[in-house]
Amino acid sequence: MPRVVHFEVPADDPGRAIQFYSRVFGWSVNKWQGPMDYWLIQSGQAGEPGIDGAIARRQEPVTSVVNTIDVPSVDEYVNRVVANDGKVIVPKRAVPGVGYLAYCRDTEGNLFGLMQSDESAA
């Protein structure tokens, strides 16, 4: 069953957001070595309940925290979203070395991500 596996915090000033979350919660934040500005958050120790996330430079349409759901096929789940009156906001795109990602809105206007893991994505 697909489940939430990641969260993103959009930030106008990523450095300021990194300081905030590090100081308030003690989260460890490190720059991702991928092709875009993205800072990975470790929000707890391995084996503890919960998920890790990231801080990303704010870009429209991302205006609030976004949960990303792991799915076996982005294409299949995008079709399910549309068939159930949701909307595709950012079509499927490759995240090199990670997989495929699309952003959608549910029927209440909430943004969420769909991620299909595939390390060969380019």
# chains A, B, ... in the order shown; residues from 1 in each chain; ligands from 1
$ select_by_dssp --residues "chain A" --states "helix (DSSP H, G or I)" --output "number ranges by chain"
A: 14-25, 74-83
$ write_last_selection --atoms "N, CA and C atoms" --output "PDB file, in the first residue's frame"
ATOM      1  N   PRO A  14      16.418  29.309   2.236  1.00  0.00           N
ATOM      2  CA  PRO A  14      16.748  27.989   2.781  1.00  0.00           C
ATOM      3  C   PRO A  14      17.699  28.038   3.975  1.00  0.00           C
ATOM      4  N   GLY A  15      18.666  28.937   3.958  1.00  0.00           N
ATOM      5  CA  GLY A  15      19.593  29.043   5.081  1.00  0.00           C
ATOM      6  C   GLY A  15      18.877  29.391   6.373  1.00  0.00           C
ATOM      7  N   ARG A  16      17.944  30.307   6.287  1.00  0.00           N
ATOM      8  CA  ARG A  16      17.162  30.696   7.462  1.00  0.00           C
ATOM      9  C   ARG A  16      16.315  29.516   7.948  1.00  0.00           C
ATOM     10  N   ALA A  17      15.700  28.782   7.008  1.00  0.00           N
ATOM     11  CA  ALA A  17      14.891  27.619   7.378  1.00  0.00           C
ATOM     12  C   ALA A  17      15.747  26.527   8.014  1.00  0.00           C
ATOM     13  N   ILE A  18      16.933  26.314   7.475  1.00  0.00           N
ATOM     14  CA  ILE A  18      17.849  25.311   8.034  1.00  0.00           C
ATOM     15  C   ILE A  18      18.180  25.662   9.482  1.00  0.00           C
ATOM     16  N   GLN A  19      18.505  26.920   9.723  1.00  0.00           N
ATOM     17  CA  GLN A  19      18.803  27.355  11.098  1.00  0.00           C
ATOM     18  C   GLN A  19      17.599  27.139  12.006  1.00  0.00           C
ATOM     19  N   PHE A  20      16.421  27.506  11.532  1.00  0.00           N
ATOM     20  CA  PHE A  20      15.211  27.369  12.336  1.00  0.00           C
ATOM     21  C   PHE A  20      14.993  25.922  12.754  1.00  0.00           C
ATOM     22  N   TYR A  21      14.931  25.008  11.792  1.00  0.00           N
ATOM     23  CA  TYR A  21      14.623  23.611  12.100  1.00  0.00           C
ATOM     24  C   TYR A  21      15.750  22.930  12.872  1.00  0.00           C
ATOM     25  N   SER A  22      16.985  23.319  12.617  1.00  0.00           N
ATOM     26  CA  SER A  22      18.111  22.763  13.372  1.00  0.00           C
ATOM     27  C   SER A  22      18.052  23.204  14.826  1.00  0.00           C
ATOM     28  N   ARG A  23      17.790  24.494  15.048  1.00  0.00           N
ATOM     29  CA  ARG A  23      17.775  25.030  16.409  1.00  0.00           C
ATOM     30  C   ARG A  23      16.542  24.588  17.189  1.00  0.00           C
ATOM     31  N   VAL A  24      15.384  24.590  16.527  1.00  0.00           N
ATOM     32  CA  VAL A  24      14.146  24.259  17.237  1.00  0.00           C
ATOM     33  C   VAL A  24      14.048  22.769  17.530  1.00  0.00           C
ATOM     34  N   PHE A  25      14.315  21.925  16.540  1.00  0.00           N
ATOM     35  CA  PHE A  25      14.093  20.488  16.696  1.00  0.00           C
ATOM     36  C   PHE A  25      15.375  19.659  16.775  1.00  0.00           C
ATOM     37  N   VAL A  74       4.415   6.102 -11.107  1.00  0.00           N
ATOM     38  CA  VAL A  74       3.886   7.467 -11.135  1.00  0.00           C
ATOM     39  C   VAL A  74       2.792   7.574 -12.187  1.00  0.00           C
ATOM     40  N   ASP A  75       3.003   6.982 -13.350  1.00  0.00           N
ATOM     41  CA  ASP A  75       2.002   7.065 -14.416  1.00  0.00           C
ATOM     42  C   ASP A  75       0.648   6.508 -13.952  1.00  0.00           C
ATOM     43  N   GLU A  76       0.666   5.344 -13.334  1.00  0.00           N
ATOM     44  CA  GLU A  76      -0.577   4.733 -12.865  1.00  0.00           C
ATOM     45  C   GLU A  76      -1.288   5.616 -11.835  1.00  0.00           C
ATOM     46  N   TYR A  77      -0.536   6.147 -10.897  1.00  0.00           N
ATOM     47  CA  TYR A  77      -1.162   6.928  -9.827  1.00  0.00           C
ATOM     48  C   TYR A  77      -1.581   8.314 -10.298  1.00  0.00           C
ATOM     49  N   VAL A  78      -0.894   8.888 -11.257  1.00  0.00           N
ATOM     50  CA  VAL A  78      -1.358  10.146 -11.861  1.00  0.00           C
ATOM     51  C   VAL A  78      -2.719   9.905 -12.506  1.00  0.00           C
ATOM     52  N   ASN A  79      -2.860   8.783 -13.205  1.00  0.00           N
ATOM     53  CA  ASN A  79      -4.151   8.449 -13.819  1.00  0.00           C
ATOM     54  C   ASN A  79      -5.241   8.282 -12.761  1.00  0.00           C
ATOM     55  N   ARG A  80      -4.896   7.673 -11.621  1.00  0.00           N
ATOM     56  CA  ARG A  80      -5.860   7.512 -10.535  1.00  0.00           C
ATOM     57  C   ARG A  80      -6.271   8.866  -9.960  1.00  0.00           C
ATOM     58  N   VAL A  81      -5.301   9.764  -9.823  1.00  0.00           N
ATOM     59  CA  VAL A  81      -5.590  11.111  -9.304  1.00  0.00           C
ATOM     60  C   VAL A  81      -6.603  11.798 -10.209  1.00  0.00           C
ATOM     61  N   VAL A  82      -6.325  11.803 -11.497  1.00  0.00           N
ATOM     62  CA  VAL A  82      -7.199  12.471 -12.462  1.00  0.00           C
ATOM     63  C   VAL A  82      -8.585  11.821 -12.489  1.00  0.00           C
ATOM     64  N   ALA A  83      -8.627  10.494 -12.440  1.00  0.00           N
ATOM     65  CA  ALA A  83      -9.910   9.777 -12.472  1.00  0.00           C
ATOM     66  C   ALA A  83     -10.773  10.058 -11.245  1.00  0.00           C
TER      67      ALA A  83
END
$ residues_around --residues "segment 92-104 of chain A" --least-positions-apart "3" --cutoff "8 Å" --atoms "only C-alpha atoms" --output "JSON, numbers by chain"
{"A": [34, 35, 74, 75, 78, 81, 86, 87, 88, 89, 111, 112, 113, 114, 115, 116, 117, 118, 119, 120, 121, 122]}
$ write_last_selection --atoms "N, CA and C atoms" --output "CSV table (one decimal), in the first residue's frame"
chain,number,residue,atom,x,y,z
A,34,GLY,N,22.8,16.5,-5.5
A,34,GLY,CA,22.1,16.3,-6.8
A,34,GLY,C,22.1,17.6,-7.6
A,35,PRO,N,21.4,17.6,-8.7
A,35,PRO,CA,21.5,18.8,-9.6
A,35,PRO,C,20.6,20.0,-9.3
A,74,VAL,N,4.4,6.1,-11.1
A,74,VAL,CA,3.9,7.5,-11.1
A,74,VAL,C,2.8,7.6,-12.2
A,75,ASP,N,3.0,7.0,-13.3
A,75,ASP,CA,2.0,7.1,-14.4
A,75,ASP,C,0.6,6.5,-14.0
A,78,VAL,N,-0.9,8.9,-11.3
A,78,VAL,CA,-1.4,10.1,-11.9
A,78,VAL,C,-2.7,9.9,-12.5
A,81,VAL,N,-5.3,9.8,-9.8
A,81,VAL,CA,-5.6,11.1,-9.3
A,81,VAL,C,-6.6,11.8,-10.2
A,86,GLY,N,-8.8,14.7,-8.9
A,86,GLY,CA,-7.6,15.5,-8.5
A,86,GLY,C,-7.0,16.1,-9.8
A,87,LYS,N,-5.9,16.9,-9.6
A,87,LYS,CA,-5.2,17.6,-10.7
A,87,LYS,C,-3.7,17.3,-10.6
A,88,VAL,N,-3.1,17.2,-11.8
A,88,VAL,CA,-1.7,17.1,-11.9
A,88,VAL,C,-1.2,18.5,-12.0
A,89,ILE,N,-0.3,18.9,-11.1
A,89,ILE,CA,0.2,20.3,-11.1
A,89,ILE,C,1.6,20.3,-11.8
A,111,LEU,N,-1.6,20.0,-2.0
A,111,LEU,CA,-0.5,19.5,-2.9
A,111,LEU,C,0.2,18.3,-2.3
A,112,PHE,N,0.5,17.3,-3.1
A,112,PHE,CA,1.3,16.2,-2.6
A,112,PHE,C,2.1,15.7,-3.8
A,113,GLY,N,3.2,14.9,-3.5
A,113,GLY,CA,4.1,14.4,-4.5
A,113,GLY,C,3.8,12.9,-4.6
A,114,LEU,N,4.1,12.4,-5.8
A,114,LEU,CA,4.1,10.9,-6.1
A,114,LEU,C,5.5,10.6,-6.5
A,115,MET,N,6.2,9.6,-5.8
A,115,MET,CA,7.5,9.2,-6.1
A,115,MET,C,7.6,7.8,-6.5
A,116,GLN,N,8.2,7.5,-7.6
A,116,GLN,CA,8.5,6.1,-8.1
A,116,GLN,C,10.0,6.0,-8.0
A,117,SER,N,10.5,5.1,-7.1
A,117,SER,CA,11.9,4.9,-7.0
A,117,SER,C,12.5,4.2,-8.2
A,118,ASP,N,13.6,4.8,-8.7
A,118,ASP,CA,14.3,4.2,-9.8
A,118,ASP,C,15.7,4.9,-9.9
A,119,GLU,N,16.7,4.3,-9.4
A,119,GLU,CA,18.0,4.9,-9.3
A,119,GLU,C,18.6,5.1,-10.7
A,120,SER,N,18.1,4.5,-11.8
A,120,SER,CA,18.6,4.8,-13.1
A,120,SER,C,17.9,6.0,-13.8
A,121,ALA,N,17.0,6.6,-13.1
A,121,ALA,CA,16.3,7.8,-13.6
A,121,ALA,C,17.4,8.9,-14.0
A,122,ALA,N,17.2,9.5,-15.1
A,122,ALA,CA,18.1,10.6,-15.5
A,122,ALA,C,17.4,11.7,-16.2
$ residues_around --residues "Trp39 of chain A" --least-positions-apart "5" --cutoff "7 Å" --atoms "only C-alpha atoms" --output "short mmCIF file (atom, residue, chain, number, x, y, z; two decimals) with N, CA and C atoms, in the first residue's frame"
data_model
loop_
_atom_site.label_atom_id
_atom_site.label_comp_id
_atom_site.auth_asym_id
_atom_site.auth_seq_id
_atom_site.Cartn_x
_atom_site.Cartn_y
_atom_site.Cartn_z
N VAL A 29 20.63 18.81 8.94
CA VAL A 29 20.29 19.22 7.57
C VAL A 29 21.58 19.31 6.76
N ASN A 30 21.60 18.62 5.62
CA ASN A 30 22.79 18.59 4.76
C ASN A 30 22.40 18.79 3.31
N LYS A 31 23.23 19.52 2.58
CA LYS A 31 23.00 19.80 1.15
C LYS A 31 23.04 18.49 0.37
N TRP A 32 22.02 18.28 -0.47
CA TRP A 32 21.98 17.13 -1.35
C TRP A 32 22.99 17.35 -2.47
N ALA A 54 13.08 17.23 3.56
CA ALA A 54 14.03 18.14 2.91
C ALA A 54 13.50 19.57 2.96
N ILE A 55 14.42 20.49 2.75
CA ILE A 55 14.09 21.90 2.55
C ILE A 55 14.41 22.20 1.11
N ALA A 56 13.47 22.83 0.42
CA ALA A 56 13.65 23.18 -0.99
C ALA A 56 13.36 24.67 -1.17
#
$ atom_distance --atom1 "atom CA of Val65 of chain A" --atom2 "atom CA of Val9 of chain A"
4.8 Å
$ select_by_dssp --residues "chain A" --states "strand (DSSP E or B)" --output "ChimeraX atom specification"
/A:3-11,28-31,38-42,53-57,66-70,87-95,99-105,111-117
$ closest_residue --among "A:Asp37, A:Asp52, A:Asp85, A:Asp13" --to "Thr107 of chain A" --atoms "only C-alpha atoms"
A:Asp85
$ residues_around --residues "Arg3 of chain A" --least-positions-apart "6" --cutoff "9 Å" --atoms "only C-alpha atoms" --output "PyMOL selection string"
chain A and resi 68-71
$ closest_residue --among "A:Phe7, A:Asp106, A:Arg57, A:Ser64" --to "Met36 of chain A" --atoms "only C-alpha atoms"
A:Arg57
$ atom_distance --atom1 "atom CA of Ser73 of chain A" --atom2 "atom CA of Val4 of chain A"
14.8 Å
